[in-house]
file upload.cif (mmCIF, C-alpha atoms)
data_run
#
loop_
_atom_site.label_atom_id
_atom_site.label_comp_id
_atom_site.auth_asym_id
_atom_site.auth_seq_id
_atom_site.Cartn_x
_atom_site.Cartn_y
_atom_site.Cartn_z
CA MET L 1 0.00 0.00 0.00
CA GLY L 2 1.15 3.53 -0.72
CA LYS L 3 1.62 6.23 1.85
CA LYS L 4 -1.62 7.58 3.29
CA ILE L 5 -2.75 11.09 2.40
CA ILE L 6 -5.79 12.66 4.09
CA VAL L 7 -7.68 15.04 1.79
CA ILE L 8 -10.06 17.42 3.60
CA ASP L 9 -12.36 19.57 1.47
CA ASP L 10 -16.10 20.23 1.49
CA SER L 11 -16.20 19.81 -2.30
CA GLN L 12 -16.49 16.20 -3.49
CA THR L 13 -15.11 17.32 -6.86
CA ILE L 14 -11.92 18.68 -5.30
CA ARG L 15 -11.51 15.52 -3.21
CA ASP L 16 -11.95 13.44 -6.36
CA GLN L 17 -9.57 15.66 -8.34
CA VAL L 18 -6.81 15.50 -5.70
CA GLY L 19 -7.50 11.82 -5.00
CA THR L 20 -7.30 10.84 -8.66
CA THR L 21 -4.02 12.71 -9.12
CA LEU L 22 -2.40 11.11 -6.09
CA ARG L 23 -3.84 7.59 -6.47
CA GLN L 24 -2.37 7.41 -9.96
CA ALA L 25 1.00 8.12 -8.33
CA GLY L 26 0.54 5.26 -5.85
CA PHE L 27 -0.71 7.05 -2.76
CA GLU L 28 -3.61 5.83 -0.63
CA ILE L 29 -6.28 8.49 -0.13
CA LEU L 30 -8.57 9.04 2.85
CA GLU L 31 -11.22 11.77 2.66
CA ALA L 32 -12.96 14.12 5.05
CA VAL L 33 -15.70 16.66 4.29
CA ASP L 34 -14.93 19.43 6.80
CA GLY L 35 -12.61 20.35 9.64
CA MET L 36 -14.48 18.32 12.28
CA ASP L 37 -14.60 15.22 10.09
CA GLY L 38 -10.94 15.85 9.23
CA ALA L 39 -9.93 15.73 12.89
CA ASP L 40 -11.74 12.40 13.24
CA VAL L 41 -9.99 10.91 10.20
CA VAL L 42 -6.60 12.13 11.46
CA GLU L 43 -7.33 10.52 14.86
CA ARG L 44 -8.17 7.22 13.15
CA THR L 45 -5.10 7.32 10.89
CA PRO L 46 -1.98 7.43 13.05
CA ASP L 47 0.18 6.38 10.09
CA ALA L 48 -0.94 9.24 7.78
CA ALA L 49 1.98 10.74 5.87
CA LEU L 50 0.36 14.06 4.95
CA VAL L 51 -2.82 16.12 5.23
CA ILE L 52 -4.08 18.29 2.35
CA CYS L 53 -6.65 20.68 3.74
CA ASP L 54 -9.02 23.35 2.41
CA VAL L 55 -9.39 26.58 4.41
CA ASN L 56 -13.02 27.71 3.97
CA MET L 57 -15.16 24.83 5.19
CA PRO L 58 -18.22 24.45 7.41
CA LYS L 59 -18.08 23.45 11.10
CA ARG L 60 -14.32 23.97 11.54
CA ASN L 61 -12.22 25.73 8.94
CA GLY L 62 -8.82 24.51 7.80
CA LEU L 63 -6.77 26.98 9.82
CA GLU L 64 -8.69 26.09 12.97
CA LEU L 65 -8.07 22.42 12.25
CA LEU L 66 -4.36 23.12 11.76
CA GLU L 67 -4.22 24.90 15.13
CA TYR L 68 -6.14 22.05 16.76
CA LEU L 69 -3.71 19.46 15.39
CA ARG L 70 -0.66 21.44 16.50
CA LYS L 71 -1.91 21.44 20.10
CA ASP L 72 -1.90 17.63 20.15
CA ASP L 73 1.53 16.03 20.61
CA ARG L 74 0.48 13.06 18.47
CA PHE L 75 0.03 15.23 15.39
CA LYS L 76 2.63 17.96 15.84
CA ALA L 77 4.93 16.40 13.24
CA LEU L 78 2.20 15.53 10.73
CA PRO L 79 2.81 17.64 7.60
CA VAL L 80 -0.18 19.75 6.51
CA VAL L 81 -0.54 21.55 3.17
CA MET L 82 -3.35 24.06 2.70
CA LEU L 83 -5.20 23.85 -0.64
CA THR L 84 -7.51 26.85 -0.96
CA THR L 85 -8.77 29.74 -3.05
CA GLU L 86 -7.31 32.12 -0.45
CA GLY L 87 -4.08 33.89 -1.39
CA GLN L 88 -3.91 36.56 1.31
CA PRO L 89 -0.44 36.96 2.81
CA GLN L 90 -1.76 37.23 6.39
CA LEU L 91 -3.59 33.90 6.15
CA ILE L 92 -0.52 32.24 4.67
CA GLU L 93 1.58 33.62 7.50
CA ARG L 94 -0.93 32.33 10.07
CA ALA L 95 -0.68 28.87 8.53
CA ARG L 96 3.12 29.01 8.40
CA LYS L 97 3.32 30.07 12.06
CA ASN L 98 1.14 27.12 12.97
CA GLY L 99 3.45 24.69 11.24
CA ALA L 100 1.83 24.20 7.84
CA LYS L 101 4.31 22.90 5.29
CA GLY L 102 2.80 24.52 2.22
CA TRP L 103 0.10 26.69 0.68
CA LEU L 104 -1.41 25.94 -2.72
CA VAL L 105 -3.96 28.24 -4.36
CA LYS L 106 -6.82 26.62 -6.33
CA PRO L 107 -7.25 25.76 -9.07
CA PHE L 108 -4.19 23.59 -8.59
CA LYS L 109 -1.85 22.20 -11.19
CA ALA L 110 -1.63 18.44 -10.82
CA ASP L 111 2.11 18.25 -11.51
CA LEU L 112 2.91 20.89 -8.87
CA LEU L 113 0.69 19.21 -6.31
CA LEU L 114 2.28 15.83 -6.96
CA ALA L 115 5.82 17.24 -6.75
CA ALA L 116 5.02 18.91 -3.42
CA VAL L 117 3.42 15.74 -2.02
CA ARG L 118 6.38 13.63 -3.07
CA LYS L 119 8.81 16.08 -1.46
CA LEU L 120 6.88 16.27 1.81
CA THR L 121 6.39 12.50 2.11
CA ALA L 122 9.90 11.45 1.05
CA MET H 1 -19.26 54.00 -3.95
CA LYS H 2 -17.15 56.01 -6.38
CA THR H 3 -17.61 55.32 -10.09
CA ASP H 4 -13.93 54.59 -10.50
CA THR H 5 -14.11 51.89 -7.83
CA LEU H 6 -17.18 50.35 -9.48
CA ASP H 7 -15.40 50.30 -12.83
CA ARG H 8 -12.42 48.56 -11.26
CA ILE H 9 -14.61 46.00 -9.52
CA ASP H 10 -16.28 45.33 -12.88
CA ALA H 11 -12.89 44.81 -14.48
CA ILE H 12 -11.73 42.52 -11.65
CA VAL H 13 -14.89 40.37 -11.76
CA GLU H 14 -14.73 40.08 -15.54
CA SER H 15 -11.02 39.23 -15.68
CA SER H 16 -11.39 36.80 -12.76
CA ALA H 17 -14.26 35.01 -14.51
CA ARG H 18 -12.39 34.76 -17.80
CA ALA H 19 -9.21 33.48 -16.10
CA LEU H 20 -11.12 30.94 -14.01
CA PHE H 21 -13.16 29.41 -16.80
CA VAL H 22 -10.32 29.27 -19.30
CA THR H 23 -8.24 27.45 -16.68
CA HIS H 24 -11.00 24.84 -16.64
CA GLY H 25 -11.10 24.62 -20.43
CA LEU H 26 -14.11 26.86 -21.08
CA ALA H 27 -13.30 30.15 -22.79
CA LEU H 28 -15.80 32.94 -22.16
CA GLY H 29 -16.75 34.88 -25.26
CA ASP H 30 -18.13 38.35 -25.61
CA ARG H 31 -19.74 39.97 -22.62
CA SER H 32 -23.29 41.01 -23.42
CA GLY H 33 -24.46 44.50 -22.63
CA ALA H 34 -26.95 45.28 -19.89
CA PHE H 35 -29.43 42.51 -19.22
CA SER H 36 -32.32 42.58 -16.80
CA ALA H 37 -33.34 38.95 -16.41
CA THR H 38 -31.57 35.64 -16.01
CA PRO H 39 -31.67 33.74 -19.34
CA ASP H 40 -34.66 31.38 -19.41
CA ASP H 41 -32.64 28.21 -19.86
CA HIS H 42 -30.40 28.58 -16.78
CA ASP H 43 -31.10 25.67 -14.45
CA VAL H 44 -28.36 25.84 -11.84
CA ALA H 45 -27.17 28.68 -9.60
CA GLY H 46 -24.32 28.89 -7.12
CA SER H 47 -23.96 31.69 -4.61
CA ILE H 48 -21.40 32.65 -1.99
CA GLY H 49 -21.43 35.51 0.50
CA PHE H 50 -18.64 37.91 1.43
CA MET H 51 -18.10 40.67 3.94
CA ALA H 52 -15.70 43.29 5.24
CA PRO H 53 -16.34 46.34 7.43
CA GLU H 54 -17.01 48.49 4.33
CA ILE H 55 -18.91 46.01 2.18
CA ARG H 56 -21.08 42.90 2.37
CA GLY H 57 -22.84 40.97 -0.35
CA ALA H 58 -22.79 37.90 -2.54
CA VAL H 59 -21.58 36.57 -5.86
CA LEU H 60 -24.07 34.49 -7.85
CA VAL H 61 -23.34 32.39 -10.94
CA THR H 62 -26.15 30.94 -13.07
CA ALA H 63 -25.95 28.78 -16.20
CA ARG H 64 -27.23 25.57 -17.72
CA LYS H 65 -25.85 22.44 -16.08
CA ASP H 66 -24.43 21.15 -19.35
CA VAL H 67 -22.54 24.42 -19.88
CA LEU H 68 -20.86 24.27 -16.48
CA ALA H 69 -20.18 20.57 -17.06
CA ARG H 70 -17.93 21.65 -19.94
CA ALA H 71 -15.62 23.15 -17.29
CA TRP H 72 -15.41 19.81 -15.45
CA PRO H 73 -11.83 19.19 -14.17
CA THR H 74 -9.45 17.57 -16.63
CA GLU H 75 -8.36 14.95 -14.10
CA LEU H 76 -11.94 13.64 -13.90
CA ARG H 77 -12.87 13.61 -17.58
CA ASP H 78 -12.85 9.83 -17.77
CA ARG H 79 -16.41 10.00 -16.42
CA VAL H 80 -19.41 12.07 -17.40
CA PRO H 81 -20.38 14.25 -14.43
CA SER H 82 -23.76 13.42 -12.91
CA ASP H 83 -26.18 16.19 -11.88
CA ARG H 84 -24.90 15.77 -8.33
CA ASP H 85 -21.33 16.25 -9.60
CA VAL H 86 -22.33 19.41 -11.47
CA PHE H 87 -24.06 20.85 -8.40
CA ASP H 88 -20.94 20.32 -6.31
CA TRP H 89 -18.75 21.71 -9.09
CA THR H 90 -20.98 24.78 -9.41
CA GLY H 91 -20.40 25.54 -5.74
CA GLU H 92 -16.67 25.08 -6.20
CA LEU H 93 -16.62 27.30 -9.30
CA VAL H 94 -18.35 30.16 -7.49
CA ASN H 95 -15.95 29.62 -4.59
CA GLN H 96 -12.96 29.81 -6.95
CA LEU H 97 -14.42 32.86 -8.69
CA LEU H 98 -14.85 34.74 -5.42
CA GLY H 99 -11.35 33.59 -4.43
CA ARG H 100 -9.89 35.24 -7.52
CA VAL H 101 -11.89 38.42 -6.95
CA LYS H 102 -10.81 38.53 -3.31
CA ASN H 103 -7.16 37.98 -4.16
CA ALA H 104 -7.29 40.75 -6.76
CA LEU H 105 -8.84 43.18 -4.25
CA VAL H 106 -6.38 42.55 -1.40
CA PRO H 107 -3.55 44.72 -2.81
CA PHE H 108 -6.05 47.59 -3.09
CA GLY H 109 -6.81 47.48 0.63
CA LEU H 110 -10.01 45.41 0.65
CA THR H 111 -9.89 42.06 2.45
CA LEU H 112 -13.08 40.04 2.24
CA GLU H 113 -14.20 37.20 4.50
CA GLN H 114 -16.42 34.64 2.80
CA SER H 115 -19.09 32.06 3.48
CA THR H 116 -19.31 28.57 2.04
CA PRO H 117 -21.25 28.20 -1.24
CA THR H 118 -24.90 27.30 -1.74
CA VAL H 119 -26.23 25.73 -4.95
CA VAL H 120 -29.82 25.81 -6.22
CA THR H 121 -31.29 23.99 -9.19
CA GLY H 122 -34.64 24.25 -10.93
CA TRP H 123 -36.42 25.35 -14.09
CA HIS H 124 -36.70 28.97 -15.15
CA LEU H 125 -34.44 30.33 -12.42
CA HIS H 126 -34.66 34.09 -12.18
CA ARG H 127 -32.68 36.44 -9.98
CA ALA H 128 -35.03 38.62 -7.93
CA PRO H 129 -34.37 42.39 -8.10
CA ALA H 130 -31.47 43.29 -5.83
CA SER H 131 -32.03 45.48 -2.77
CA THR H 132 -28.35 46.35 -2.47
CA ASN H 133 -26.80 49.68 -3.47
CA VAL H 134 -24.42 47.89 -5.84
CA ALA H 135 -25.86 45.33 -8.27
CA ARG H 136 -23.55 44.44 -11.15
CA ARG H 137 -24.46 42.00 -13.89
CA TYR H 138 -22.18 40.17 -16.30
CA LEU H 139 -23.47 37.85 -19.02
CA PHE H 140 -20.94 35.90 -21.07
CA GLU H 141 -21.36 33.71 -24.09
CA ALA H 142 -19.65 30.35 -23.66
CA ASP H 143 -19.43 27.12 -25.60
CA GLY H 144 -23.00 25.76 -25.69
CA GLY H 145 -24.75 28.56 -23.83
CA SER H 146 -24.35 31.54 -21.53
CA ILE H 147 -23.03 32.12 -18.03
CA ALA H 148 -24.40 34.94 -15.87
CA ILE H 149 -22.51 36.40 -12.93
CA TYR H 150 -24.03 38.77 -10.38
CA PHE H 151 -22.11 40.86 -7.87
CA ASP H 152 -24.49 42.37 -5.32
CA ALA H 153 -23.25 44.38 -2.34
CA VAL H 154 -24.17 46.89 0.28
CA VAL H 155 -21.25 49.30 0.32
CA ALA H 156 -20.45 52.06 2.81
CA GLU H 157 -20.96 55.53 1.42
CA GLY H 158 -17.76 57.02 0.02
CA PHE H 159 -15.91 53.69 -0.03
CA ALA H 160 -13.08 53.58 -2.55
CA LEU H 161 -10.34 51.12 -3.39
CA ALA H 162 -6.76 52.32 -2.96
CA ASP H 163 -5.45 54.05 -6.08
CA SER H 164 -2.50 51.71 -6.55
CA PRO H 165 -1.72 48.19 -5.33
CA ARG H 166 0.51 47.68 -2.31
CA GLN H 167 3.34 45.31 -3.15
CA SER H 168 3.47 43.91 0.40
CA LEU H 169 -0.13 42.71 0.03
CA GLN H 170 0.31 40.87 -3.27
CA PRO H 171 -1.40 37.48 -2.89
CA VAL H 172 -0.11 34.13 -4.08
CA VAL H 173 -1.12 33.54 -7.69
CA GLU H 174 -3.73 30.88 -8.45
CA GLY H 175 -2.08 27.55 -9.23
CA ASP H 176 1.14 28.47 -7.42
CA ILE H 177 2.48 26.60 -4.42
CA GLN H 178 4.57 27.87 -1.55
CA LEU H 179 6.45 25.34 0.55
CA PHE H 180 7.67 26.47 3.98
#
call {"tool": "encode", "arguments": {"input": "upload.cif", "output": "structure tokens"}}
result
Amino acid sequence: MGKKIIVIDDSQTIRDQVGTTLRQAGFEILEAVDGMDGADVVERTPDAALVICDVNMPKRNGLELLEYLRKDDRFKALPVVMLTTEGQPQLIERARKNGAKGWLVKPFKADLLLAAVRKLTA
Amino acid sequence: MKTDTLDRIDAIVESSARALFVTHGLALGDRSGAFSATPDDHDVAGSIGFMAPEIRGAVLVTARKDVLARAWPTELRDRVPSDRDVFDWTGELVNQLLGRVKNALVPFGLTLEQSTPTVVTGWHLHRAPASTNVARRYLFEADGGSIAIYFDAVVAEGFALADSPRQSLQPVVEGDIQLF
């Protein structure tokens, strides 16, 4: 089995798009539909190699999820990449300060996403 | 709102829409002049709200499902999108459109918060008259039909975008990735 990537986005299309790109490269994909669901999937997947997370989502947004994960010793080292329509420098800085490993602005380019995932899971 | 600011918002919405749809393989053609009613054949609508201290409102996109299906992501084109797929994709398209508009406005001193999208489907969808003090309409021809975009907002009196962009506020470009 390939390394496990958790994809958190409230759009099924985006989850499918990211999942298809990464499955073809040999990764195993787990999905979550919002920040609350994402926390549950992370809890259930202690061997996850990476989280790819949207920012604007219902229930708990991606930056709140990132901050939640960083407060838990079990997930402090888990790499998180934000995949979002947001490009504001202050939001990117907030993510960086909370330990995010990358910021990708939608619509994403599959080759760039795959290169980043490979680098962060190597 | 000053006329100059309105003109610039018009230009930002139009260029954002063109850039978004062409990225997804659907070039927008000529923009029609003023129109008062949603085209009769539009059967799906996606809307998303935004707000800042000086402005609050919503962006609405309407079209026929089969027209928006032509912008279906390349990675997923081995399957024909179902209606459910198109509804989800409509919400994501309006989200990505507002994202582009927001990112273009940031360097001019306007930072918008946003909601999550809502999608409606039905026959003979028509946009009710807006009660906002800004109500902009954009109707584009596209392959197979038209796409309408509405930008409705309540704007504080005298609000104006900064005259020139601030370099320190330049957002990350769509499609780019930053690794930390």
call {"tool": "interface_residues", "arguments": {"input": "upload.cif", "of": "chain H", "to": "chain L", "cutoff": "6 Å", "atoms": "all atoms listed in the file", "output": "PDB file with C-alpha atoms, keeping the file's coordinate frame"}}
result
ATOM      1  CA  GLU H  75      -8.360  14.950 -14.100  1.00  0.00           C
ATOM      2  CA  GLN H  96     -12.960  29.810  -6.950  1.00  0.00           C
ATOM      3  CA  GLY H  99     -11.350  33.590  -4.430  1.00  0.00           C
ATOM      4  CA  ASN H 103      -7.160  37.980  -4.160  1.00  0.00           C
ATOM      5  CA  PRO H 171      -1.400  37.480  -2.890  1.00  0.00           C
ATOM      6  CA  VAL H 172      -0.110  34.130  -4.080  1.00  0.00           C
ATOM      7  CA  GLU H 174      -3.730  30.880  -8.450  1.00  0.00           C
ATOM      8  CA  GLY H 175      -2.080  27.550  -9.230  1.00  0.00           C
ATOM      9  CA  ASP H 176       1.140  28.470  -7.420  1.00  0.00           C
ATOM     10  CA  ILE H 177       2.480  26.600  -4.420  1.00  0.00           C
ATOM     11  CA  GLN H 178       4.570  27.870  -1.550  1.00  0.00           C
ATOM     12  CA  LEU H 179       6.450  25.340   0.550  1.00  0.00           C
ATOM     13  CA  PHE H 180       7.670  26.470   3.980  1.00  0.00           C
TER      14      PHE H 180
END
call {"tool": "residues_around", "arguments": {"input": "upload.cif", "residues": "Val59 in chain H", "least_positions_apart": "2", "cutoff": "9 Å", "atoms": "only C-alpha atoms", "output": "PyMOL selection string"}}
result
chain H and resi 46-50+57+61+94+97-98+149-153
call {"tool": "closest_residue", "arguments": {"input": "upload.cif", "among": "H:Leu112, H:Val101, H:Ala130, H:Ile55", "to": "Ala156 in chain H", "atoms": "all atoms listed in the file"}}
result
H:Ile55
call {"tool": "resolve_selection", "arguments": {"input": "upload.cif", "expression": "the PyMOL selection byres ((chain H and resi 87) around 9)", "output": "JSON, numbers by chain"}}
result
{"H": [44, 45, 46, 65, 82, 83, 84, 85, 86, 88, 89, 90, 91, 92, 119, 120, 121]}
call {"tool": "closest_residue", "arguments": {"input": "upload.cif", "among": "L:Ala39, L:Ala49, L:Val33, L:Leu69", "to": "Lys3 in chain L", "atoms": "only C-alpha atoms"}}
result
L:Ala49
call {"tool": "atom_distance", "arguments": {"input": "upload.cif", "atom1": "CA of Ile52 in chain L", "atom2": "CA of Val80 in chain L"}}
result
5.9 Å
